[in-house]
Structure formats: structure tokens, C-alpha cells
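The next block holds one structure in the form of C-alpha cells; read it before the comments.
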Amino acid sequence: MSSEKKNSQQLIESEERYRNLFENNLAAVFRSEVGGGLIEVNQALADIFGFNSIEETKRANAKDLYHSKEERDAYLTELRKKGYVKNYQMRMKKKDGSEIWILENVMLVKDPKTGKEYIEGTLLDITETKRIQQALQEREENYKNLIEHTPDGILIHDEKGETLFANPAALRMIGISSLEEAKEKNLFHYLLPEYHDKIKGRKKDLEEKRDSPFLEIKMRRPDGKIIEVEIKTNRVTYLGKRMVEVVMHDSSLQHQLEREHMRFQLEEESNRELKREIASHIRTRQRLNSNQKYTRLILDSSIDMICACDQEGRITEFNQAGQSTFGHSMMDVLTKDLSVLYADEEQYLEVRKIISEDGNFLGEVKHVKKNGETFPAFISASVLKNERGENIGMMSISRDITLIRETEDQLKRSIHEKEILLKEIHHRVKNNMQVISSILKLQSAYVKDKKTVELLDECRNRIASMAFIHATLYMTKDFTNINFADYVNNIASNLQQSYVSSDKKVLLKLDVPDVFLHIDDAIPCGLIINELLSNSFKYAFLKKKRGTVGISVKVKKENIILAIWDNGAGFPKKVDYKNTESLGLQLVNSLSEQLGAKLKLESKQGEGTRFIIAFPKTK
């Protein structure tokens with residue numbers, strides 16, 4: 001073959017390779033005139049902008065695909081200024097007019113023969129990435145608002161006790177107006193001296209990674225007022241450093257309610273005695289005139305509403321507290337039916353029925369005032385009898401419990417908000433990890449080095465094993481116990497799909513009973529499984545087309561025995577798995593120490609590998 005023919009053949013092959021690369025590229029590739037005429041486009045560009053074919057795309061004008069003329073002019077100005085644009089993000093329009101976001105890498109080229117300028121380069125559709133970024137921004141703002149408006153105080157301090165962050169609720173509890181005031185004094189400055197040793201003990205618990213329950217303490221505010229709070233401390237990472245987070249709950253209201261409840265019980269005991277006094281008053285009303293004034297003083301001095309009626313239900317007594325609360329005078333209600341004080345007549349009839357059958361009633365009812373306003377009340381009512389045991393009427397002692405109900409509702413809302421906050425945190429962590437995984441996947445598309453791609457895939461698998469825990473916590477009501485069987489099955493199945501190619505048949509065998517682990521155990525176990533199972537899929541069957549990998553879990557009393565095995569080539573004799581440069585095995589050893597586990601290797605050349613990890617369950 002002559003040299004000329006050979007060169008011509010090579011040129012044809014080169015053009016054919018270029019054409020295949022151009023047409024089959026997953027990224028949109030184009031060449032256009034500066035004025036907007038499309039000269040060359042591939043199918044990916046037609047797909048991005050919603051055209052049916054390359055020919056239809058070429059008939060369009062690039063000017064019509066920009067979101068606005070101003071944005072196109074700014075883009076062309078930047079292009080002419082530098083001669084190229086790199087990773088340039090801008091809005092464009094599809095054929096149907098819908099908005100999309102595009103990432104451009106283009107350059108301005110000039111034909112050396114004609115001197116005409118062209119735009120050449122590639123486009124990527126990043127609409128979904130933009131949507132995810134916006135969603136993350138909104139979630140971060142929601143989380144910030146939640147922290148700012150939560151009724152519980154949250155502050156973060158360093159090892160020396162210097163406060164670095166405090167939300168408005170924490171500042172209000174401490175009694176200061178800004179974080180700068182808190183920074184001027186050590187946290188111990190606000191604690192009463194008798195709690196200093198307890199707080200130091202909390203620091204030791206944090207260092208030894210022991211969970212500590214809420215601790216009740218008292219603090220002295222700058223104005224001298226003593227407040228009661230419940231605190232819980234946790235280790236957190238803030239500004240890139242290990243810090244201590246303190247969650248403070250004002251328990252003053254709760255203690256006040258407890259004292260009110262005790263006072264209410266004492267008054268209930270007094271009210272029982274008062275019932276007997278009222279019964280005696282009704283029986284001897286005419287002949288005990290002198291005692292009537294004394295009994296009236298007793299009735300009117302009670303802070304509870306006291307009412308008595310005869311057998312027909314007509315009101316015969318109504319104390320001062322009842323008159324003040326209901327807005328009725330004694331003359332307004334005297335001889336009227338007792339139902340005038342009840343908002344629901346059916347409820348009143350039910351109460352009377354219970355009293356007639358059981359002799360007493362204790363419970364909540366809804367009263368109505370003279371002006372029509374209703375309010376909840378707790379009443380204690382019973383039958384009144386004379387000395388012969390005859391029924392002469394009924395009396396009731398009521399207390400307005402509006403404040404108690406409002407307080408209960410406030411506490412319920414507070415608990416509900418905390419549950420939502422925990423779920424949102426786990427949901428956000430899971431989403432953030434998924435975003436990181438997606439970014440690594442996108443980055444892999446630009447990496448040509450096979451080793452680097454494998455490292456990125458390994459990072460994605462590690463992130464996936466941790467993300468599943470947070471996805472599980474988002475869907476469960478129990479934040480401490482993870483269904484380990486579901487967790488292992490999910491990790492193992494994902495790894496099998498990632499590493500097993502179509503030309504190999506590697507079976508996955510799982511023997512994991514229903515066992516629940518604490519999150520502090522589940523995450524390290526998941527990472528260990530990720531590393532060891534990845535090694536089995538990648539290296540155990542290099543010379544074999546078939547094989548089996550497996551995971552088994554046994555529970556012995558309070559100990560977990562986890563085994564990851566394969567029947568492949570066996571672990572290399574030259575490698576010391578406890579002292580190796582392999583990042584994965586270093587991670588396995590480090591996580592085993594974190595679990596307090598014993599790590600053991602069983603392997604024979606050609607007969608497979610088995611790693612056994614035994615550790616105690618976290619209670």
C-alpha cells in the first residue's frame with residue numbers, strides 16, 4: 001500500500017472515530033455561529049432541549065434557546081473577553097419553553113481561512129442539581145428557624161467553658177441579651193456552687209463516651225433570680241472542632257404544676273370535710289341560724305366554686321368564688337336548675353345520672369359563664385344525705401383548669417416539635433449524604449483513571465452505609481434500636497450490585513436473625529461490613545467465575561458475633577491485616593477498637609477468608 005493511500009486510510013479512520021465520539025457523547029456537543037446558527041450538534045444536545053432529532057435541532061436558532069437576551073449578552077461578553085468560558089452556569093429554554101439550567105464549557109474559535117468566528121464546546125443539564133441545592137438551602141433555613149424558635153435553650157461551649165453559640169431561648173434562661181455577655185464569663189459562673197462537681201462528672205462521662213440522662217440543676221441569673229433547669233450534654237463538631245452542646249429545658253413550670261397538684265390534693269381533702277359541713281348546714285338551716293354566717297364565711301373563703309342543690313336540682317347554695325367565676329349573683333341563680341352552669345345539657349344529665357347511681361362523680365366538665373364564655377373545670381360532686389340517710393340534694397366543688405389545659409397543650413406541642421426536629425435532623429443528614437454521593441458519582445464521570453474511580457466508588461459505598469442508618473431513624477419512632485437484619489441486607493445487596501459484573505456469578509448468603517442494635521454499634525458495623533465485603537467482591541474471585549460471599553450474625557447473651565466470609569482465593573499471606581497500608585483494613589481495625597471488639601482472621605490459600613468480629617452490645 002502506498003504512503004498516500006495509507007495516510008488517506010488513517011485520515012478516514014480518524015474522522016470516523018471523531019464522528020463516533022461526537023455523536024455518542026453523553027454530554028451535549030455543538031458548534032454554532034456567533035449569530036446563533038447551529039452548524040453541528042449531537043443527539044445529547046437534541047435530548048436536553050427536547051428536539052425530536054438532530055436535523056430539527058439544527059433548524060432552530062441558538063438565540064431562541066436562551067432564557068433572556070440580557071443573560072445571553074452577558075455570556076457572549078464573557079466569552080469574547082476570555083476567548084472561552086469554563087463551568088459557566090446559566091438559564092436556558094427547551095423547545096417547549098420550560099426553563100432548564102446548563103453548565104457550559106465552550107471556546108471562541110476562528111476559521112483560519114475565512115476568519116469567521118464560531119462557538120464550540122459542551123453542555124451539561126444541571127437542572128436537578130440546582131433544584132437539590134435550592135432544597136438544601138431551604139432546609140438549612142428551616143433548621144435555623146427551628147433552632148431559633150425552639151423553647152429549649154441550646155448552647156455550645158469549648159473545653160474551657162467559653163460559650164461559642166447560644167440560641168435566643170438559652171440567652172433568656174441565663175438572663176442575658178447577647179452572646180457577647182456570655183463569652184465574658186465561664187459557664188460555671190452561672191451555676192450554683194453545689195452543682196460544679198456534678199457538671200465536672202458530666203465532662204468525664206463525655207470523655208468516656210457514656211450517655212448521660214437529663215440533670216436537674218439550679219442557675220443564678222445576673223439579676224439574682226434562681227431558676228431550675230434540666231440539662232443534657234453531648235459531644236458535637238462545631239466550626240471544625242470538638243465542642244460540647246448543652247440542651248437546657250426550663251423545669252420551673254413543671255415543678256410549679258407539681259406543687260399545684262399537691263395543693264389541689266390537700267384542698268380535695270379539705271373539700272371532703274367541707275361537704276360534710278354543707279350537708280349539716282342544709283339539714284339544720286332554720287334551727288341553726290347562728291351557725292349559718294360562719295358556714296357562709298367558710299364557703300366564701302374557698303378558692304374553689306361550691307354549689308349545692310336540692311333533690312329537684314334547684315340551686316340552694318352558691319359561694320363567692322362561684323359568683324365571681326360564672327358572673328352570676330346569688331339571686332341570679334337561686335332556685336334555678338343547676339343545668340344553667342353547664343355548657344352541654346347532655347353532659348349535665350350524664351353527671352346527675354352517675355351521681356344518682358354511684359353516689360359521687362369525679363371528673364372534667366365544661367361550664368358556661370353568664371356572658372356565654374365556656375371553660376373546662378374539674379369537679380368533685382356527691383349526694384347530700386341527712387342524719388337518717390335520706391337523699392336531700394347534691395353538692396359539687398369545681399375548679400377552673402383552663403391554665404392547666406393550656407400548659408398541657410404547650411408541653412405536648414413542645415414534645416412534638418422535638419420529635420419533628422430529631423426526624424428532620426436525621427432526614428437532612430441522609431439527604432446531605434445522598435447529595436455527597438451524587439456529587440462523587442458526577443465527579444467519577446470526569447475521571448479517566450480507573451484507580452481513582454474505584455476510590456470514589458468506595459467512598460460512595462461508605463457514605464451509603466451511614467446514610468441508611470439515618471434513613472431508618474427518619475422512619476422509626478425508636479431512635480436507639482436499629483433493625484440490624486434490614487440494615488445488613490441493604491448494604492450487602494448494594495455492594496453486590498456495585499461490584500459483581502455480568503460475566504461473574506457471585507452468590508450472596510446472609511444469616512442474620514432479628515436483632516436490634518444501638519446506633520453507636522450499627523454505624524461502625526455497617527462500615528466494617530462495607531470494607532470487608534467490598535474486598536471479597538473485588539479480590540476473592542479474580543481467577544474464578546463463580547463463588548459465594550456471606551454474612552452471619554450470632555447473639556450470645558449480650559455479645560454480638562459478626563462473621564464476613566467468602567470461598568475465594570484466600571487472604572494473602574504476605575499481608576498483616578492488623579498492620580497494613582490499606583485504608584480499608586486500617587478503617588476496620590479502628591472501628592473494631594471503637595466497638596471494643598475482638599477481630600480475628602481465618603484464611604487458607606484457595607479455601608477462602610473469614611473475618612470474625614465479636615463485641616458487646618451497647619445498652
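Scheme for the C-alpha cells: letters A, B, ... for chains in order shown; per-chain residue numbers from 1; ligand numbers from 1 in order shown.
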Among the residues of segment 412-561 of chain A, find those DSSP assigns to strand (DSSP E or B) from the backbone and print them as a ChimeraX atom specification.
/A:482-483,505-511,516-517,546-556,559-561
Would you write out those residues with N, CA and C atoms, as a PDB file, in the first residue's frame?
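Result file again.pdb:
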ATOM      1  N   ILE A 482     -31.795  -0.147  66.034  1.00  0.00           N
ATOM      2  CA  ILE A 482     -31.822  -0.291  64.582  1.00  0.00           C
ATOM      3  C   ILE A 482     -32.019  -1.762  64.242  1.00  0.00           C
ATOM      4  N   ASN A 483     -32.934  -2.059  63.303  1.00  0.00           N
ATOM      5  CA  ASN A 483     -33.122  -3.435  62.840  1.00  0.00           C
ATOM      6  C   ASN A 483     -31.896  -3.820  62.014  1.00  0.00           C
ATOM      7  N   LYS A 505     -20.605 -14.891  38.494  1.00  0.00           N
ATOM      8  CA  LYS A 505     -21.769 -15.255  39.297  1.00  0.00           C
ATOM      9  C   LYS A 505     -21.309 -15.464  40.732  1.00  0.00           C
ATOM     10  N   VAL A 506     -21.445 -14.385  41.521  1.00  0.00           N
ATOM     11  CA  VAL A 506     -21.042 -14.440  42.932  1.00  0.00           C
ATOM     12  C   VAL A 506     -22.323 -14.356  43.771  1.00  0.00           C
ATOM     13  N   LEU A 507     -22.609 -15.438  44.484  1.00  0.00           N
ATOM     14  CA  LEU A 507     -23.823 -15.507  45.299  1.00  0.00           C
ATOM     15  C   LEU A 507     -23.611 -14.801  46.629  1.00  0.00           C
ATOM     16  N   LEU A 508     -24.700 -14.272  47.183  1.00  0.00           N
ATOM     17  CA  LEU A 508     -24.684 -13.598  48.480  1.00  0.00           C
ATOM     18  C   LEU A 508     -25.525 -14.407  49.455  1.00  0.00           C
ATOM     19  N   LYS A 509     -24.908 -14.853  50.553  1.00  0.00           N
ATOM     20  CA  LYS A 509     -25.598 -15.675  51.542  1.00  0.00           C
ATOM     21  C   LYS A 509     -25.622 -14.941  52.877  1.00  0.00           C
ATOM     22  N   LEU A 510     -26.824 -14.669  53.388  1.00  0.00           N
ATOM     23  CA  LEU A 510     -26.985 -13.914  54.638  1.00  0.00           C
ATOM     24  C   LEU A 510     -27.658 -14.792  55.686  1.00  0.00           C
ATOM     25  N   ASP A 511     -27.095 -14.783  56.888  1.00  0.00           N
ATOM     26  CA  ASP A 511     -27.679 -15.500  58.023  1.00  0.00           C
ATOM     27  C   ASP A 511     -27.706 -14.531  59.208  1.00  0.00           C
ATOM     28  N   PHE A 516     -31.648  -6.113  67.247  1.00  0.00           N
ATOM     29  CA  PHE A 516     -31.674  -4.646  67.216  1.00  0.00           C
ATOM     30  C   PHE A 516     -30.432  -4.107  67.915  1.00  0.00           C
ATOM     31  N   LEU A 517     -29.753  -3.176  67.230  1.00  0.00           N
ATOM     32  CA  LEU A 517     -28.530  -2.592  67.769  1.00  0.00           C
ATOM     33  C   LEU A 517     -28.704  -1.101  67.987  1.00  0.00           C
ATOM     34  N   ARG A 546     -17.161 -18.105  39.559  1.00  0.00           N
ATOM     35  CA  ARG A 546     -18.250 -18.361  40.489  1.00  0.00           C
ATOM     36  C   ARG A 546     -17.727 -18.337  41.927  1.00  0.00           C
ATOM     37  N   GLY A 547     -18.620 -18.043  42.835  1.00  0.00           N
ATOM     38  CA  GLY A 547     -18.222 -18.057  44.242  1.00  0.00           C
ATOM     39  C   GLY A 547     -19.367 -17.598  45.136  1.00  0.00           C
ATOM     40  N   THR A 548     -19.074 -17.581  46.418  1.00  0.00           N
ATOM     41  CA  THR A 548     -20.089 -17.183  47.399  1.00  0.00           C
ATOM     42  C   THR A 548     -19.448 -16.294  48.455  1.00  0.00           C
ATOM     43  N   VAL A 549     -20.138 -15.224  48.798  1.00  0.00           N
ATOM     44  CA  VAL A 549     -19.745 -14.398  49.930  1.00  0.00           C
ATOM     45  C   VAL A 549     -20.914 -14.400  50.907  1.00  0.00           C
ATOM     46  N   GLY A 550     -20.599 -14.217  52.174  1.00  0.00           N
ATOM     47  CA  GLY A 550     -21.687 -14.300  53.146  1.00  0.00           C
ATOM     48  C   GLY A 550     -21.441 -13.491  54.397  1.00  0.00           C
ATOM     49  N   ILE A 551     -22.541 -13.278  55.131  1.00  0.00           N
ATOM     50  CA  ILE A 551     -22.509 -12.580  56.425  1.00  0.00           C
ATOM     51  C   ILE A 551     -23.383 -13.378  57.379  1.00  0.00           C
ATOM     52  N   SER A 552     -22.851 -13.644  58.566  1.00  0.00           N
ATOM     53  CA  SER A 552     -23.654 -14.312  59.596  1.00  0.00           C
ATOM     54  C   SER A 552     -23.518 -13.549  60.904  1.00  0.00           C
ATOM     55  N   VAL A 553     -24.595 -13.556  61.691  1.00  0.00           N
ATOM     56  CA  VAL A 553     -24.619 -12.869  62.983  1.00  0.00           C
ATOM     57  C   VAL A 553     -25.184 -13.828  64.020  1.00  0.00           C
ATOM     58  N   LYS A 554     -24.485 -13.921  65.147  1.00  0.00           N
ATOM     59  CA  LYS A 554     -24.979 -14.716  66.274  1.00  0.00           C
ATOM     60  C   LYS A 554     -25.011 -13.832  67.521  1.00  0.00           C
ATOM     61  N   VAL A 555     -26.020 -14.077  68.339  1.00  0.00           N
ATOM     62  CA  VAL A 555     -26.166 -13.318  69.585  1.00  0.00           C
ATOM     63  C   VAL A 555     -25.993 -14.279  70.749  1.00  0.00           C
ATOM     64  N   LYS A 556     -24.978 -14.012  71.561  1.00  0.00           N
ATOM     65  CA  LYS A 556     -24.745 -14.822  72.756  1.00  0.00           C
ATOM     66  C   LYS A 556     -24.813 -13.912  73.978  1.00  0.00           C
ATOM     67  N   ASN A 559     -23.562 -10.296  73.798  1.00  0.00           N
ATOM     68  CA  ASN A 559     -22.453 -10.163  72.852  1.00  0.00           C
ATOM     69  C   ASN A 559     -22.932 -10.483  71.435  1.00  0.00           C
ATOM     70  N   ILE A 560     -22.372  -9.760  70.467  1.00  0.00           N
ATOM     71  CA  ILE A 560     -22.663  -9.966  69.045  1.00  0.00           C
ATOM     72  C   ILE A 560     -21.421 -10.566  68.382  1.00  0.00           C
ATOM     73  N   ILE A 561     -21.616 -11.648  67.618  1.00  0.00           N
ATOM     74  CA  ILE A 561     -20.519 -12.265  66.858  1.00  0.00           C
ATOM     75  C   ILE A 561     -20.873 -12.133  65.378  1.00  0.00           C
TER      76      ILE A 561
END
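Within 7 Å of segment 394-411 of chain A there are Asp304, Met305, Ile306, Cys307, Ala308, Cys309, Asp310, Phe375, Pro376, Ala377, Phe378, Ile379, Ser380, Ala381, Ser382, Val383 and Leu384 of chain A, counting only C-alpha atoms and ignoring same-chain residues fewer than 5 positions away.
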For the interface of segment 512-560 of chain A with segment 588-591 of chain A (cut-off 8 Å, counting only C-alpha atoms), please tabulate each contacting residue of segment 512-560 of chain A alongside its nearest pair of atoms and their separation in Å to one decimal, rows sorted by chain and increasing number, as JSON lines.
{"residue": "A:Pro524", "atom": "CA", "partner": "A:Leu591", "partner_atom": "CA", "distance": 5.7}
{"residue": "A:Cys525", "atom": "CA", "partner": "A:Leu591", "partner_atom": "CA", "distance": 7.8}
{"residue": "A:Leu527", "atom": "CA", "partner": "A:Val588", "partner_atom": "CA", "distance": 7.7}
{"residue": "A:Ile528", "atom": "CA", "partner": "A:Val588", "partner_atom": "CA", "distance": 5.3}
{"residue": "A:Glu531", "atom": "CA", "partner": "A:Val588", "partner_atom": "CA", "distance": 7.1}
{"residue": "A:Leu532", "atom": "CA", "partner": "A:Val588", "partner_atom": "CA", "distance": 7.9}
note - atom CA of Lys93 of chain A and atom CA of His67 of chain A are separated by 5.6 Å
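Atom CA of Leu599 of chain A is positioned 20.4 Å from atom CA of Tyr539 of chain A.
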Please identify all polymer residues within 8 Å of segment 29-39 of chain A, counting only C-alpha atoms, omitting same-chain residues fewer than 4 positions from it, and present them as a ChimeraX atom specification.
/A:22,25,44-45,57-63,117-123
